[in-house]
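Below is one structure, written out as structure tokens; the observations come after it.
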Amino acid sequence: MVGELDRRDWLRLVAVLTAAGQVDAQTPQGSREGAPPPRVTKEMLHAALQVIGLEFTDAQESMMLPGVNRALNGYESLRKIDVPLDTEPATRFYPTKPVIKSAKFAPTAEKSKSFTSADELAFESVTTLAALLKARKVSSTELTKMYLERLKKYSPKLLCVITLTEDLALEQAAKADEEIKRGHYRGPLHGVPWGAKDLYATKGIKTTWGAEPYENQVFDYNATVVDRLEQQGAVLLAKLSMGALAQGGLWFGGMTKNPWNTERTSSGSSAGSASATSAGLVGFSLGTETLGSIVSPSTTCGVVGLRPTYGRVSRFGAMGLSWTMDKPGPICRTVEDCALVLQAIHGSDGKDLAVVDAPLDWQPQLGLQGLRIGFVEAEFERAQKDMKALYDQALTDLRTAGAKLEPVKLPDFQAQPLRVILEAEAATAFDDLTRSGSVNQLRGQGPQDWPNSFRTARLIPAIEYIRAQRARTILMRRMDEFMAGWDVLVSPAFSSLLLVTNLTGHPQMVTPCGFANGLPQGLVFTGKLYEEGTPMRVAMAYEKATKWHTMHPTVEV
């Protein structure tokens with residue numbers, strides 16, 4: 001029984017309720033001269049919101065309307081994907097069962113270097129700092145004080161710090177010095193200062209998620225990764241800025257800046273992690289990625305970022321944005337630094353049930369012999385002018401480093417419609433915030449910002465979300481079959497593989513490969529599921545053959 005609505009109104013509401021939002025900056029349907037009128041009108045949208053018991057302002061509904069109409073096209077594309085009846089959805093998401101094999105963790109032995117003051121060590125790698133700390137040529141307290149001074153000096157310019165954890169850092173550094181003095185050396189992260197993206201819970205210290213409604217949020221426990229780094233003796237310096245609720249670089253304190261050009265954003269959402277690591281304000285940092293939030297800021301800030309396989313690192317204590325796509329990972333200054341950090345934080349904890357125990361194989365001394373390395377030819381060919389020359393040189397340098405590159409073509413699959421998975425899960429994560437109206441407190445209130453996306457996504461039908469997850473299963477199978485013939489894929493930083501691999505769970509590493517328009521650019525290495533060590537080996541060979549990781553920005557204050 002339809003009640004007071006007549007049949008025509010009811011059919012219109014059904015049509016609206018099958019619409020959902022992928023929000024992007026395009027011209028609204030029907031706004032161009034001669035364009036057909038929108039299929040969903042504002043009156044229909046308002047009525048649909050009433051049916052599901054939601055109230056938004058007139059301006060908010062106007063902002064939602066173009067996204068709702070654009071989403072209809074996405075759903076039509078999604079429905080064209082052939083999904084056999086026996087295809088299960090990837091709702092309970094495990095990329096694949098890891099193949100347990102022999103693995104060895106054998107990092108390069110770094111020799112300690114000479115220096116006259118701790119200030120000279122700001123841009124050194126974790127491996128170098130570890131050698132100096134182990135040899136007691138520098139103390140953790142000296143390093144910690146040096147980085148704290150740099151954080152205080154440069155973070156007001158870069159807007160990369162939300163909370164400085166000075167008292168905790170000095171306490172942890174003193175403990176590390178005492179333990180190393182007594183011969184109780186915990187490993188290569190012992191005494192090394194680091195920074196955490198401010199979505200990781202830290203007991204008794206604010207965890208703001210970069211968002212106004214959570215500015216004073218404090219947890220009474222640590223995220224698993226925070227506990228594991230503390231167990232390794234690492235020293236937490238700061239909670240670093242992030243785009244509000246893990247989007248972009250804008251947080252309640254402003255826009256995080258790029259150390260290479262402070263007129264530009266550092267990108268996001270691991271904005272502060274990349275900015276602080278690039279500017280030499282921390283020894284290393286942790287970020288997270290759902291759809292580019294490690295790869296993008298690492299590229300833009302000229303540092304090395306590793307997005308591990310989904311299910312490699314526990315998400316316990318980290319803000320959830322998309323339960324089937326969120327992945328914690330390190331942002332560092334060298335490839336091997338990322339390997340050291342991943343070794344410390346990976347593995348099951350009994351709290352995040354998506355995490356599996358798979359061995360981490362890291363043997364950089366093996367080199368590249370015998371590896372099948374493909375470069376995604378179409379993605380490099382799309383590069384224009386200066387970028388084309390930069391990437392051509394990067395591939396030449398990679399070949400010089402010993403890589404035998406073969407052109408590859410990615411499997412043909414429409415991954416773009418599957419973005420609805422992220423939109424639906426993110427809106428679900430912050431549904432209470434949206435319905436309470438607290439989402440209106442965020443500084444970002446434009447068409448591409450979370451508030452509008454959350455509101456628009458409230459109209460995503462469950463059937464479309466589940467169909468997208470089933471289509472994702474097919475994508476995962478095709479990608480897994482394709483990667484069976486390759487050890488590593490090489491691509492530009494911003495390619496179609498970014499979306500595909502975030503959906504399939506495959507790991508990616510990005511390293512700096514030069515500059516264009518005054519900003520760093522990145523080269524990405526994609527590996528098989530749970531085999532991060534192989535793309536890291538290729539990335540390290542490239543790193544050693546080039547100078548880009550040795551170049552650091554100068555920030556004027």
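Every chain in the structure tokens takes a letter, A first, then B, and so on in the order presented; its residues are numbered from 1, and the ligands are numbered from 1 following the presented order.
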
Note to self: Show me, as a ChimeraX atom specification, the residues that have an atom within 10 Å of segment 267-273 of chain A when counting only C-alpha atoms, minus same-chain residues fewer than 2 positions from it.
What the structure shows: /A:155,158-162,194-199,210,238-251,255-258,264-265,275-278,281-282,284-301,330-332

Item checked: Non-local contacts of segment 514-516 of chain A (7 Å; only C-alpha atoms; under 4 positions in same chain excluded) as a list in words -> Asp386, Met387, Leu390, Pro520, Gln521 and Trp548 of chain A

Can you spit out the residues from that selection as a PDB file, in the first residue's frame, using N, CA, C and O atoms?
```pdb
ATOM      1  N   ASP A 386      56.727  17.673 -20.694  1.00  0.00           N
ATOM      2  CA  ASP A 386      57.777  17.506 -19.689  1.00  0.00           C
ATOM      3  C   ASP A 386      57.621  16.189 -18.927  1.00  0.00           C
ATOM      4  O   ASP A 386      58.620  15.532 -18.599  1.00  0.00           O
ATOM      5  N   MET A 387      56.395  15.807 -18.640  1.00  0.00           N
ATOM      6  CA  MET A 387      56.164  14.565 -17.908  1.00  0.00           C
ATOM      7  C   MET A 387      56.581  13.362 -18.741  1.00  0.00           C
ATOM      8  O   MET A 387      57.135  12.396 -18.213  1.00  0.00           O
ATOM      9  N   LEU A 390      60.295  13.099 -18.562  1.00  0.00           N
ATOM     10  CA  LEU A 390      60.687  12.658 -17.218  1.00  0.00           C
ATOM     11  C   LEU A 390      60.507  11.154 -17.067  1.00  0.00           C
ATOM     12  O   LEU A 390      61.406  10.457 -16.572  1.00  0.00           O
ATOM     13  N   PRO A 520      58.013  17.558  -7.117  1.00  0.00           N
ATOM     14  CA  PRO A 520      58.443  16.175  -7.332  1.00  0.00           C
ATOM     15  C   PRO A 520      57.382  15.354  -8.053  1.00  0.00           C
ATOM     16  O   PRO A 520      56.189  15.638  -7.971  1.00  0.00           O
ATOM     17  N   GLN A 521      57.847  14.319  -8.747  1.00  0.00           N
ATOM     18  CA  GLN A 521      56.975  13.353  -9.400  1.00  0.00           C
ATOM     19  C   GLN A 521      57.369  11.961  -8.926  1.00  0.00           C
ATOM     20  O   GLN A 521      58.456  11.767  -8.387  1.00  0.00           O
ATOM     21  N   TRP A 548      67.326  11.217  -6.819  1.00  0.00           N
ATOM     22  CA  TRP A 548      66.151  11.951  -6.375  1.00  0.00           C
ATOM     23  C   TRP A 548      65.897  11.833  -4.886  1.00  0.00           C
ATOM     24  O   TRP A 548      65.440  12.799  -4.247  1.00  0.00           O
TER      25      TRP A 548
END
```

Note to self: Please list as a PyMOL selection string every residue within 12 Å of Met325 of chain A, counting only C-alpha atoms and excluding residues in the same chain fewer than 6 positions away.
What the structure shows: chain A and resi 90-95+288-293+307-311+315+354+418-419+421-426+469+472+499-507

Next item on the list: Just give me the gap between atom CA of Phe482 of chain A and atom CA of Gln384 of chain A in Å, one decimal is fine.
Entry: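 Separation between atom CA of Phe482 of chain A and atom CA of Gln384 of chain A: 27.7 Å.
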
Item checked: Close residues, Lys388 of chain A itself excluded, 12 Å, only C-alpha atoms, min 3 positions apart in chain, as a PyMOL selection string -> chain A and resi 377-385+391-395+492+514-516+521

Item checked: All alpha helix (DSSP H) positions in segment 118-177 of chain A, as number ranges by chain -> A: 126-134, 140-158, 166-177

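Atom CA of Lys157 of chain A is positioned 24.7 Å from atom CA of Thr334 of chain A.
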
Checklist line | Computed interatomic separation between atom CA of Val335 of chain A and atom CA of Leu164 of chain A (Å) | finding: 26.6 Å

Check: Excluding same-chain residues fewer than 5 positions from Ser453 of chain A, what lies within 12 Å of it counting only C-alpha atoms, as a ChimeraX atom specification?
Finding: /A:20-25,60-61,63-68,71,247,420,422-428,430-431,434,439,444-448,458-460

Check: Do you know which residues are at most 8 Å from Gly204 of chain A counting only C-alpha atoms, after dropping those on the same chain fewer than 6 positions away, and could you put them as number ranges by chain?
Finding: A: 218-221
